[in-house]
>>> print(open('structure-v6.pdb').read())   # PDB, C-alpha atoms and all ligand atoms
ATOM      1  CA  MET A   9     -14.818  -0.271 -26.529
ATOM      2  CA  ARG A  10     -13.211  -2.515 -23.914
ATOM      3  CA  GLN A  11      -9.457  -2.507 -23.587
ATOM      4  CA  LYS A  12      -7.597  -5.694 -24.510
ATOM      5  CA  ILE A  13      -4.678  -6.277 -22.180
ATOM      6  CA  VAL A  14      -1.796  -8.710 -21.913
ATOM      7  CA  ALA A  15       0.023  -8.317 -18.605
ATOM      8  CA  GLY A  16       3.126 -10.209 -17.494
ATOM      9  CA  ASN A  17       3.611 -10.918 -13.805
ATOM     10  CA  TRP A  18       7.318 -11.536 -13.393
ATOM     11  CA  LYS A  19       6.939 -12.474  -9.703
ATOM     12  CA  MET A  20      10.252 -12.834  -7.775
ATOM     13  CA  ASN A  21      12.322 -13.315 -10.918
ATOM     14  CA  ASN A  22      14.998 -11.304 -12.739
ATOM     15  CA  THR A  23      17.913  -9.361 -11.315
ATOM     16  CA  LEU A  24      18.597  -5.830 -12.524
ATOM     17  CA  ASP A  25      20.693  -7.054 -15.463
ATOM     18  CA  GLU A  26      18.135  -9.713 -16.351
ATOM     19  CA  THR A  27      15.377  -7.098 -16.213
ATOM     20  CA  LYS A  28      17.264  -4.857 -18.639
ATOM     21  CA  LYS A  29      17.928  -7.815 -20.943
ATOM     22  CA  LEU A  30      14.319  -9.012 -20.983
ATOM     23  CA  ILE A  31      12.984  -5.518 -21.641
ATOM     24  CA  LYS A  32      15.477  -5.096 -24.486
ATOM     25  CA  GLU A  33      14.381  -8.401 -26.018
ATOM     26  CA  LEU A  34      10.700  -7.547 -25.582
ATOM     27  CA  LYS A  35      11.130  -4.181 -27.271
ATOM     28  CA  LYS A  36      12.793  -5.939 -30.192
ATOM     29  CA  GLU A  37      10.084  -8.608 -30.428
ATOM     30  CA  LEU A  38       7.251  -6.104 -30.181
ATOM     31  CA  LYS A  39       8.753  -3.488 -32.496
ATOM     32  CA  SER A  40       7.038  -4.827 -35.589
ATOM     33  CA  VAL A  41       3.802  -5.729 -33.790
ATOM     34  CA  LYS A  42       0.963  -3.367 -34.626
ATOM     35  CA  LEU A  43      -1.206  -3.305 -31.544
ATOM     36  CA  LYS A  44      -4.881  -2.784 -32.268
ATOM     37  CA  LYS A  45      -6.585   0.292 -30.832
ATOM     38  CA  ASP A  46      -7.264  -0.030 -27.097
ATOM     39  CA  THR A  47      -4.755  -2.856 -26.709
ATOM     40  CA  ARG A  48      -2.207  -2.657 -23.923
ATOM     41  CA  VAL A  49       0.928  -4.564 -22.937
ATOM     42  CA  ILE A  50       2.014  -4.431 -19.292
ATOM     43  CA  ILE A  51       4.950  -5.972 -17.434
ATOM     44  CA  ALA A  52       5.250  -6.259 -13.662
ATOM     45  CA  PRO A  53       8.882  -6.580 -12.517
ATOM     46  CA  THR A  54       9.856  -6.754  -8.867
ATOM     47  CA  PHE A  55       9.896  -3.527  -6.787
ATOM     48  CA  VAL A  56      13.653  -2.840  -6.963
ATOM     49  CA  ASN A  57      13.603  -2.905 -10.762
ATOM     50  CA  LEU A  58      10.537  -0.738 -11.322
ATOM     51  CA  LEU A  59      12.428   2.514 -11.824
ATOM     52  CA  THR A  60      14.713   0.916 -14.390
ATOM     53  CA  ALA A  61      11.703  -0.639 -16.101
ATOM     54  CA  THR A  62       9.751   2.622 -16.336
ATOM     55  CA  LYS A  63      12.851   4.378 -17.727
ATOM     56  CA  LYS A  64      13.647   1.634 -20.245
ATOM     57  CA  THR A  65      10.063   1.434 -21.519
ATOM     58  CA  LYS A  66       9.471   5.170 -21.932
ATOM     59  CA  LYS A  67       7.996   5.910 -25.379
ATOM     60  CA  THR A  68       7.413   2.208 -26.071
ATOM     61  CA  LYS A  69       4.267   0.050 -26.198
ATOM     62  CA  ILE A  70       5.173  -1.460 -22.842
ATOM     63  CA  GLU A  71       3.668  -0.213 -19.579
ATOM     64  CA  VAL A  72       4.926  -1.067 -16.118
ATOM     65  CA  ALA A  73       2.945  -2.294 -13.122
ATOM     66  CA  ALA A  74       3.926  -3.231  -9.573
ATOM     67  CA  GLN A  75       3.099  -6.643  -8.126
ATOM     68  CA  ASN A  76       1.854  -5.430  -4.747
ATOM     69  CA  MET A  77       1.635  -2.414  -2.463
ATOM     70  CA  HIS A  78       1.016  -1.636   1.216
ATOM     71  CA  GLN A  79      -2.304  -0.157   2.253
ATOM     72  CA  ALA A  80      -0.936   2.607   4.512
ATOM     73  CA  LYS A  81       0.116   6.004   3.242
ATOM     74  CA  ASN A  82       3.532   5.760   4.920
ATOM     75  CA  GLY A  83       5.031   5.029   8.329
ATOM     76  CA  ALA A  84       6.626   2.337  10.445
ATOM     77  CA  TYR A  85       6.047  -0.674   8.188
ATOM     78  CA  THR A  86       9.526  -2.068   7.710
ATOM     79  CA  GLY A  87      10.095  -3.590   4.313
ATOM     80  CA  GLU A  88       6.877  -2.310   2.760
ATOM     81  CA  ILE A  89       6.216  -0.139  -0.309
ATOM     82  CA  SER A  90       3.563   2.594  -0.514
ATOM     83  CA  ALA A  91       1.363   3.725  -3.379
ATOM     84  CA  GLU A  92       3.134   7.077  -3.450
ATOM     85  CA  MET A  93       6.505   5.342  -3.806
ATOM     86  CA  LEU A  94       5.172   3.493  -6.844
ATOM     87  CA  THR A  95       3.822   6.596  -8.554
ATOM     88  CA  SER A  96       7.067   8.441  -7.769
ATOM     89  CA  VAL A  97       8.973   6.004 -10.023
ATOM     90  CA  GLY A  98       6.473   6.277 -12.865
ATOM     91  CA  VAL A  99       4.289   3.262 -12.095
ATOM     92  CA  LYS A 100       0.615   3.737 -12.956
ATOM     93  CA  THR A 101      -0.801   0.270 -12.282
ATOM     94  CA  VAL A 102      -0.584  -2.217  -9.414
ATOM     95  CA  ILE A 103      -1.527  -5.899  -9.196
ATOM     96  CA  LEU A 104      -3.493  -6.645  -6.021
ATOM     97  CA  GLY A 105      -4.901  -9.865  -4.600
ATOM     98  CA  HIS A 106      -2.735 -12.329  -6.488
ATOM     99  CA  SER A 107      -3.362 -15.841  -5.161
ATOM    100  CA  GLU A 108       0.267 -16.107  -4.029
ATOM    101  CA  ARG A 109      -0.239 -12.998  -1.871
ATOM    102  CA  ARG A 110      -3.490 -14.439  -0.521
ATOM    103  CA  THR A 111      -1.950 -17.858   0.194
ATOM    104  CA  TYR A 112       1.599 -17.127   1.360
ATOM    105  CA  PHE A 113       1.059 -13.689   2.913
ATOM    106  CA  ASN A 114      -2.445 -14.178   4.315
ATOM    107  CA  GLU A 115      -4.010 -11.346   2.318
ATOM    108  CA  THR A 116      -7.716 -11.325   3.086
ATOM    109  CA  ASP A 117     -10.638  -9.677   1.289
ATOM    110  CA  LYS A 118     -10.714  -7.089   4.092
ATOM    111  CA  LEU A 119      -7.047  -6.201   3.628
ATOM    112  CA  LEU A 120      -7.501  -6.103  -0.135
ATOM    113  CA  THR A 121     -10.379  -3.635   0.255
ATOM    114  CA  GLU A 122      -7.973  -1.313   2.052
ATOM    115  CA  LYS A 123      -5.276  -1.821  -0.579
ATOM    116  CA  VAL A 124      -7.713  -1.171  -3.428
ATOM    117  CA  ASN A 125      -8.934   2.019  -1.728
ATOM    118  CA  THR A 126      -5.399   3.283  -1.155
ATOM    119  CA  ALA A 127      -4.359   2.511  -4.718
ATOM    120  CA  LEU A 128      -7.331   4.360  -6.204
ATOM    121  CA  GLU A 129      -6.876   7.340  -3.850
ATOM    122  CA  ASN A 130      -3.342   7.591  -5.251
ATOM    123  CA  ASN A 131      -4.496   7.393  -8.859
ATOM    124  CA  LEU A 132      -3.108   3.926  -9.372
ATOM    125  CA  GLU A 133      -5.020   1.627 -11.665
ATOM    126  CA  VAL A 134      -5.580  -1.814 -10.107
ATOM    127  CA  ILE A 135      -5.310  -5.248 -11.678
ATOM    128  CA  PHE A 136      -7.454  -7.123  -9.177
ATOM    129  CA  CYS A 137      -6.845 -10.890  -9.031
ATOM    130  CA  PHE A 138      -9.254 -13.446  -7.679
ATOM    131  CA  GLY A 139     -10.280 -17.024  -8.375
ATOM    132  CA  GLU A 140     -11.316 -20.269  -6.789
ATOM    133  CA  GLN A 141      -9.265 -23.143  -5.381
ATOM    134  CA  LEU A 142      -9.485 -26.614  -6.890
ATOM    135  CA  GLU A 143     -11.730 -27.875  -4.085
ATOM    136  CA  ASP A 144     -14.160 -25.010  -4.749
ATOM    137  CA  ARG A 145     -14.469 -26.050  -8.376
ATOM    138  CA  ASN A 146     -14.739 -29.735  -7.536
ATOM    139  CA  SER A 147     -17.531 -28.989  -5.090
ATOM    140  CA  GLU A 148     -19.156 -26.652  -7.660
ATOM    141  CA  ASN A 149     -18.750 -23.657  -5.366
ATOM    142  CA  HIS A 150     -16.569 -21.714  -7.802
ATOM    143  CA  PHE A 151     -19.221 -19.149  -8.756
ATOM    144  CA  LYS A 152     -20.075 -18.498  -5.103
ATOM    145  CA  VAL A 153     -16.410 -18.072  -4.145
ATOM    146  CA  VAL A 154     -15.705 -15.654  -6.985
ATOM    147  CA  GLU A 155     -18.858 -13.675  -6.221
ATOM    148  CA  SER A 156     -17.888 -13.285  -2.572
ATOM    149  CA  GLN A 157     -14.297 -12.261  -3.413
ATOM    150  CA  LEU A 158     -15.611  -9.529  -5.709
ATOM    151  CA  LYS A 159     -18.391  -8.411  -3.361
ATOM    152  CA  ASN A 160     -16.076  -8.224  -0.369
ATOM    153  CA  ALA A 161     -13.241  -6.319  -2.006
ATOM    154  CA  LEU A 162     -14.779  -4.244  -4.811
ATOM    155  CA  PHE A 163     -18.515  -3.711  -4.615
ATOM    156  CA  HIS A 164     -18.223  -0.823  -2.144
ATOM    157  CA  LEU A 165     -16.619   1.215  -4.945
ATOM    158  CA  LYS A 166     -18.448   3.917  -6.887
ATOM    159  CA  SER A 167     -18.949   3.478 -10.642
ATOM    160  CA  GLU A 168     -16.291   6.058 -11.429
ATOM    161  CA  ASP A 169     -13.738   4.066  -9.408
ATOM    162  CA  ILE A 170     -14.553   0.820 -11.202
ATOM    163  CA  LYS A 171     -13.196   2.451 -14.351
ATOM    164  CA  ASN A 172      -9.740   2.136 -12.811
ATOM    165  CA  ILE A 173     -10.087  -1.566 -12.090
ATOM    166  CA  ILE A 174      -8.949  -4.359 -14.407
ATOM    167  CA  LEU A 175     -10.202  -7.772 -13.320
ATOM    168  CA  ALA A 176      -8.010 -10.859 -13.518
ATOM    169  CA  TYR A 177      -9.845 -14.137 -13.025
ATOM    170  CA  GLU A 178      -7.209 -16.678 -12.041
ATOM    171  CA  PRO A 179      -8.420 -20.101 -10.960
ATOM    172  CA  VAL A 180      -5.774 -21.080  -8.425
ATOM    173  CA  TRP A 181      -5.602 -24.656  -9.743
ATOM    174  CA  ALA A 182      -4.456 -23.310 -13.112
ATOM    175  CA  ILE A 183      -1.666 -21.013 -11.890
ATOM    176  CA  GLY A 184       1.803 -22.339 -12.628
ATOM    177  CA  THR A 185       0.450 -25.861 -13.006
ATOM    178  CA  GLY A 186       0.290 -26.145 -16.775
ATOM    179  CA  GLN A 187      -3.369 -27.089 -16.278
ATOM    180  CA  THR A 188      -5.190 -24.197 -17.898
ATOM    181  CA  ALA A 189      -8.948 -23.696 -17.695
ATOM    182  CA  SER A 190     -10.543 -24.529 -21.013
ATOM    183  CA  ALA A 191     -11.557 -21.574 -23.137
ATOM    184  CA  ASP A 192     -15.192 -22.486 -22.404
ATOM    185  CA  GLN A 193     -14.603 -22.599 -18.648
ATOM    186  CA  ALA A 194     -12.948 -19.176 -18.841
ATOM    187  CA  GLN A 195     -15.774 -17.758 -20.938
ATOM    188  CA  GLU A 196     -18.416 -19.177 -18.593
ATOM    189  CA  MET A 197     -16.824 -17.544 -15.548
ATOM    190  CA  HIS A 198     -16.072 -14.254 -17.309
ATOM    191  CA  ALA A 199     -19.687 -13.951 -18.463
ATOM    192  CA  PHE A 200     -20.801 -14.654 -14.883
ATOM    193  CA  ILE A 201     -18.447 -11.948 -13.558
ATOM    194  CA  ARG A 202     -19.661  -9.416 -16.113
ATOM    195  CA  GLY A 203     -23.222 -10.269 -15.082
ATOM    196  CA  LEU A 204     -22.377  -9.529 -11.438
ATOM    197  CA  PHE A 205     -21.126  -6.074 -12.381
ATOM    198  CA  ALA A 206     -24.202  -5.498 -14.530
ATOM    199  CA  SER A 207     -26.481  -6.306 -11.543
ATOM    200  CA  GLU A 208     -24.433  -4.340  -9.018
ATOM    201  CA  TYR A 209     -23.743  -1.318 -11.238
ATOM    202  CA  SER A 210     -25.133  -1.281 -14.793
ATOM    203  CA  GLN A 211     -24.849  -3.226 -18.035
ATOM    204  CA  GLU A 212     -23.155  -0.203 -19.568
ATOM    205  CA  LEU A 213     -20.414  -0.249 -16.937
ATOM    206  CA  ALA A 214     -20.101  -4.045 -17.057
ATOM    207  CA  ASP A 215     -19.522  -3.835 -20.801
ATOM    208  CA  THR A 216     -16.518  -1.547 -20.298
ATOM    209  CA  ILE A 217     -14.623  -3.670 -17.720
ATOM    210  CA  SER A 218     -11.656  -5.627 -18.983
ATOM    211  CA  ILE A 219     -11.631  -9.153 -17.564
ATOM    212  CA  LEU A 220      -8.317 -10.954 -18.020
ATOM    213  CA  TYR A 221      -7.845 -14.689 -17.662
ATOM    214  CA  GLY A 222      -4.776 -15.991 -15.849
ATOM    215  CA  GLY A 223      -3.521 -19.531 -15.346
ATOM    216  CA  SER A 224      -1.007 -21.301 -17.576
ATOM    217  CA  VAL A 225      -1.630 -19.153 -20.653
ATOM    218  CA  LYS A 226       1.021 -20.088 -23.216
ATOM    219  CA  PRO A 227       1.640 -19.296 -26.889
ATOM    220  CA  ASN A 228      -0.166 -22.503 -27.874
ATOM    221  CA  ASN A 229      -3.433 -21.791 -26.039
ATOM    222  CA  ALA A 230      -3.618 -17.988 -25.921
ATOM    223  CA  GLU A 231      -5.447 -17.527 -29.201
ATOM    224  CA  GLU A 232      -8.266 -19.897 -28.297
ATOM    225  CA  ILE A 233      -8.744 -18.406 -24.830
ATOM    226  CA  PHE A 234      -8.591 -14.817 -26.146
ATOM    227  CA  SER A 235     -11.130 -15.619 -28.862
ATOM    228  CA  LYS A 236     -13.923 -15.859 -26.283
ATOM    229  CA  PRO A 237     -16.195 -12.791 -26.195
ATOM    230  CA  ASP A 238     -15.830 -12.047 -22.469
ATOM    231  CA  VAL A 239     -12.089 -12.722 -22.247
ATOM    232  CA  ASP A 240     -10.302  -9.411 -22.734
ATOM    233  CA  GLY A 241      -6.743 -10.632 -22.413
ATOM    234  CA  GLY A 242      -4.504 -12.429 -19.986
ATOM    235  CA  LEU A 243      -2.378 -12.146 -16.883
ATOM    236  CA  ILE A 244       0.658 -14.237 -17.684
ATOM    237  CA  GLY A 245       3.131 -15.716 -15.195
ATOM    238  CA  GLY A 246       5.717 -18.219 -16.416
ATOM    239  CA  ALA A 247       5.411 -17.396 -20.120
ATOM    240  CA  SER A 248       6.028 -13.683 -19.460
ATOM    241  CA  LEU A 249       9.645 -14.450 -18.552
ATOM    242  CA  LYS A 250      10.562 -15.364 -22.126
ATOM    243  CA  ALA A 251      10.421 -12.534 -24.654
ATOM    244  CA  LYS A 252       9.446 -14.794 -27.546
ATOM    245  CA  ASP A 253       6.634 -16.521 -25.617
ATOM    246  CA  PHE A 254       5.242 -13.296 -24.165
ATOM    247  CA  SER A 255       5.353 -11.588 -27.556
ATOM    248  CA  ALA A 256       3.589 -14.556 -29.147
ATOM    249  CA  ILE A 257       0.829 -14.189 -26.543
ATOM    250  CA  VAL A 258       0.631 -10.449 -27.244
ATOM    251  CA  LYS A 259       0.264 -11.247 -30.949
ATOM    252  CA  ALA A 260      -2.655 -13.560 -30.100
ATOM    253  CA  ILE A 261      -4.739 -10.762 -28.574
TER     254      ILE A 261
HETATM  255  C1  LIG B 301      -0.002 -15.873 -12.455
HETATM  256  O1  LIG B 301       0.774 -16.132 -11.542
HETATM  257  O2  LIG B 301      -0.696 -14.854 -12.409
HETATM  258  C2  LIG B 301      -0.096 -16.818 -13.560
HETATM  259  C3  LIG B 301      -1.119 -16.742 -14.341
HETATM  260  O3  LIG B 301       0.938 -17.724 -13.678
HETATM  261  P1  LIG B 301       1.146 -18.813 -14.856
HETATM  262  O4  LIG B 301       0.860 -18.113 -16.160
HETATM  263  O5  LIG B 301       2.542 -19.244 -14.719
HETATM  264  O6  LIG B 301       0.138 -19.893 -14.587
END
>>> encode(input="structure-v6.pdb", output="structure tokens")
Amino acid sequence: MRQKIVAGNWKMNNTLDETKKLIKELKKELKSVKLKKDTRVIIAPTFVNLLTATKKTKKTKIEVAAQNMHQAKNGAYTGEISAEMLTSVGVKTVILGHSERRTYFNETDKLLTEKVNTALENNLEVIFCFGEQLEDRNSENHFKVVESQLKNALFHLKSEDIKNIILAYEPVWAIGTGQTASADQAQEMHAFIRGLFASEYSQELADTISILYGGSVKPNNAEEIFSKPDVDGGLIGGASLKAKDFSAIVKAI
């Protein structure tokens, strides 16, 4: 059975006190929620608050992920964070390839290949983000773009490594814009992505990969998007910063 996952990307938001407060509120909101089997809830606070987050969520339904990571083991990379540093504070999952990293920090498919490899070598699970720009969709190149992002960064991996990858399809035009993809558009792309994995690896493996949708998921549209057969959950930005909204999205899975 495929895992259902709701993950919150907090981005560069929340001080230490705000992190503690939001986690406290989330624990309260989620206390009475009975998660179905194979359903996971993940939050991704900023680096400096990861240790606090892993401590505060111990023995709860909430898991903690990092938002990024450097590809090198260690060394003279001022300001960077290694995979080993993440695991040393109890983090088990890392988001890689978010469109904001690709756009503002020039992260390329080649760099992301290195990051994915380093994460997996360090036993970190990866939430791998990808998705087309608006002009790609308007010119009907969205399938091609997504295929090349996946081919370039992931298809060198062995089947056993793919088990530690969660996919997050995030059309860039839908991130933070309030303009979500329709549930049918999400389903169409997710089915295409699963098909790519079936051709490259096997149908059996493709059927086990969780493919999350990301891009303006809110309490009022989560249920419809999550109802689609190839949508296994969501990567949530803005709505993950409010305990009530994030919990409502978790309840929709
Ligand atoms: C994101 O940044 O991954 C995201 C999906 O953001 P939002 O939900 O705010 O569109």
>>> resolve_selection(input="structure-v6.pdb", expression="the PyMOL selection byres (((not hetatm)) within 9 of (chain B and resi 301))", output="short mmCIF file (atom, residue, chain, number, x, y, z; two decimals) with C-alpha atoms, in the frame of the given file")
data_model
loop_
_atom_site.label_atom_id
_atom_site.label_comp_id
_atom_site.auth_asym_id
_atom_site.auth_seq_id
_atom_site.Cartn_x
_atom_site.Cartn_y
_atom_site.Cartn_z
CA GLY A 16 3.13 -10.21 -17.49
CA ASN A 17 3.61 -10.92 -13.80
CA TRP A 18 7.32 -11.54 -13.39
CA LYS A 19 6.94 -12.47 -9.70
CA HIS A 106 -2.74 -12.33 -6.49
CA SER A 107 -3.36 -15.84 -5.16
CA GLU A 108 0.27 -16.11 -4.03
CA CYS A 137 -6.84 -10.89 -9.03
CA ALA A 176 -8.01 -10.86 -13.52
CA GLU A 178 -7.21 -16.68 -12.04
CA PRO A 179 -8.42 -20.10 -10.96
CA VAL A 180 -5.77 -21.08 -8.43
CA TRP A 181 -5.60 -24.66 -9.74
CA ALA A 182 -4.46 -23.31 -13.11
CA ILE A 183 -1.67 -21.01 -11.89
CA GLY A 184 1.80 -22.34 -12.63
CA THR A 185 0.45 -25.86 -13.01
CA GLY A 186 0.29 -26.14 -16.77
CA GLN A 187 -3.37 -27.09 -16.28
CA THR A 188 -5.19 -24.20 -17.90
CA TYR A 221 -7.84 -14.69 -17.66
CA GLY A 222 -4.78 -15.99 -15.85
CA GLY A 223 -3.52 -19.53 -15.35
CA SER A 224 -1.01 -21.30 -17.58
CA VAL A 225 -1.63 -19.15 -20.65
CA LYS A 226 1.02 -20.09 -23.22
CA GLY A 242 -4.50 -12.43 -19.99
CA LEU A 243 -2.38 -12.15 -16.88
CA ILE A 244 0.66 -14.24 -17.68
CA GLY A 245 3.13 -15.72 -15.20
CA GLY A 246 5.72 -18.22 -16.42
CA ALA A 247 5.41 -17.40 -20.12
CA SER A 248 6.03 -13.68 -19.46
#
>>> atom_distance(input="structure-v6.pdb", atom1="CA of Asp240 (chain A)", atom2="CA of Lys12 (chain A)")
4.9 Å
>>> residues_around(input="structure-v6.pdb", residues="Leu132 (chain A)", least_positions_apart="2", cutoff="10 Å", atoms="only C-alpha atoms", output="ChimeraX atom specification")
/A:73,91-92,94-95,99-103,124-130,134-135,172-173
>>> closest_residue(input="structure-v6.pdb", among="A:Thr65, A:Gln195, A:Ser235, A:Thr121", to="Gln79 (chain A)", atoms="all atoms listed in the file")
A:Thr121
>>> closest_residue(input="structure-v6.pdb", among="A:Val97, A:Leu158, A:Leu213, A:Ile50", to="Thr116 (chain A)", atoms="only C-alpha atoms")
A:Leu158
>>> axis_aligned_box(input="structure-v6.pdb", around="region 73-76 of chain A", padding_each_side="6 Å", output="JSON")
{"center_x": 2.9, "center_y": -4.5, "center_z": -8.9, "size_x": 14.1, "size_y": 16.3, "size_z": 20.4}
>>> decode(input="structure-v6.pdb", residues="region 78-159 of chain A", atoms="C-alpha atoms", output="mmCIF file, in the first residue's frame")
data_model
loop_
_atom_site.group_PDB
_atom_site.id
_atom_site.type_symbol
_atom_site.label_atom_id
_atom_site.label_comp_id
_atom_site.auth_asym_id
_atom_site.auth_seq_id
_atom_site.Cartn_x
_atom_site.Cartn_y
_atom_site.Cartn_z
ATOM 1 C CA HIS A 78 24.384 20.662 0.923
ATOM 2 C CA GLN A 79 25.726 17.929 -1.318
ATOM 3 C CA ALA A 80 29.201 17.657 0.252
ATOM 4 C CA LYS A 81 29.967 15.495 3.252
ATOM 5 C CA ASN A 82 31.584 18.391 5.136
ATOM 6 C CA GLY A 83 34.249 21.043 4.622
ATOM 7 C CA ALA A 84 34.809 24.664 3.702
ATOM 8 C CA TYR A 85 31.282 25.600 2.622
ATOM 9 C CA THR A 86 30.474 28.572 4.813
ATOM 10 C CA GLY A 87 26.848 28.782 5.805
ATOM 11 C CA GLU A 88 25.890 25.333 4.542
ATOM 12 C CA ILE A 89 24.334 22.320 6.294
ATOM 13 C CA SER A 90 25.325 18.689 5.676
ATOM 14 C CA ALA A 91 23.266 15.513 5.635
ATOM 15 C CA GLU A 92 25.096 14.256 8.710
ATOM 16 C CA MET A 93 24.207 17.441 10.599
ATOM 17 C CA LEU A 94 20.543 16.821 9.813
ATOM 18 C CA THR A 95 20.563 13.211 10.970
ATOM 19 C CA SER A 96 22.480 14.226 14.108
ATOM 20 C CA VAL A 97 19.478 16.313 15.241
ATOM 21 C CA GLY A 98 16.969 13.556 14.531
ATOM 22 C CA VAL A 99 15.870 14.569 11.035
ATOM 23 C CA LYS A 100 15.045 11.643 8.751
ATOM 24 C CA THR A 101 13.701 13.415 5.664
ATOM 25 C CA VAL A 102 14.882 16.300 3.486
ATOM 26 C CA ILE A 103 13.083 18.355 0.835
ATOM 27 C CA LEU A 104 15.222 18.775 -2.287
ATOM 28 C CA GLY A 105 14.644 20.645 -5.533
ATOM 29 C CA HIS A 106 11.963 23.043 -4.353
ATOM 30 C CA SER A 107 11.226 25.570 -7.102
ATOM 31 C CA GLU A 108 12.386 28.418 -4.853
ATOM 32 C CA ARG A 109 15.781 26.702 -4.528
ATOM 33 C CA ARG A 110 15.890 26.158 -8.291
ATOM 34 C CA THR A 111 14.877 29.754 -9.074
ATOM 35 C CA TYR A 112 16.573 31.871 -6.404
ATOM 36 C CA PHE A 113 19.619 29.689 -5.708
ATOM 37 C CA ASN A 114 20.240 28.343 -9.213
ATOM 38 C CA GLU A 115 19.855 24.685 -8.246
ATOM 39 C CA THR A 116 20.181 22.632 -11.409
ATOM 40 C CA ASP A 117 19.232 19.025 -12.164
ATOM 41 C CA LYS A 118 22.947 18.169 -12.013
ATOM 42 C CA LEU A 119 23.346 19.672 -8.544
ATOM 43 C CA LEU A 120 20.149 17.986 -7.398
ATOM 44 C CA THR A 121 21.489 14.610 -8.552
ATOM 45 C CA GLU A 122 24.439 15.129 -6.219
ATOM 46 C CA LYS A 123 22.182 16.232 -3.364
ATOM 47 C CA VAL A 124 19.867 13.249 -3.835
ATOM 48 C CA ASN A 125 22.848 10.868 -3.847
ATOM 49 C CA THR A 126 24.312 12.394 -0.693
ATOM 50 C CA ALA A 127 20.974 12.317 1.103
ATOM 51 C CA LEU A 128 20.389 8.649 0.290
ATOM 52 C CA GLU A 129 23.972 7.690 1.222
ATOM 53 C CA ASN A 130 23.233 9.223 4.631
ATOM 54 C CA ASN A 131 19.951 7.362 5.027
ATOM 55 C CA LEU A 132 17.853 10.461 4.574
ATOM 56 C CA GLU A 133 14.539 10.057 2.827
ATOM 57 C CA VAL A 134 14.042 12.659 0.075
ATOM 58 C CA ILE A 135 10.957 14.663 -0.821
ATOM 59 C CA PHE A 136 11.925 15.519 -4.385
ATOM 60 C CA CYS A 137 10.162 18.575 -5.847
ATOM 61 C CA PHE A 138 9.776 19.334 -9.512
ATOM 62 C CA GLY A 139 7.243 20.941 -11.825
ATOM 63 C CA GLU A 140 6.826 23.119 -14.859
ATOM 64 C CA GLN A 141 6.732 26.900 -15.241
ATOM 65 C CA LEU A 142 3.636 28.646 -16.562
ATOM 66 C CA GLU A 143 5.170 29.119 -20.014
ATOM 67 C CA ASP A 144 5.859 25.373 -20.217
ATOM 68 C CA ARG A 145 2.204 24.619 -19.577
ATOM 69 C CA ASN A 146 0.995 27.316 -21.948
ATOM 70 C CA SER A 147 3.208 25.923 -24.686
ATOM 71 C CA GLU A 148 2.074 22.370 -23.793
ATOM 72 C CA ASN A 149 5.610 21.349 -22.868
ATOM 73 C CA HIS A 150 4.737 20.492 -19.268
ATOM 74 C CA PHE A 151 5.003 16.713 -19.680
ATOM 75 C CA LYS A 152 8.373 17.022 -21.426
ATOM 76 C CA VAL A 153 9.745 19.350 -18.738
ATOM 77 C CA VAL A 154 8.636 17.097 -15.890
ATOM 78 C CA GLU A 155 10.018 14.023 -17.646
ATOM 79 C CA SER A 156 13.417 15.651 -18.105
ATOM 80 C CA GLN A 157 13.558 16.877 -14.482
ATOM 81 C CA LEU A 158 12.890 13.340 -13.255
ATOM 82 C CA LYS A 159 15.212 11.660 -15.761
#
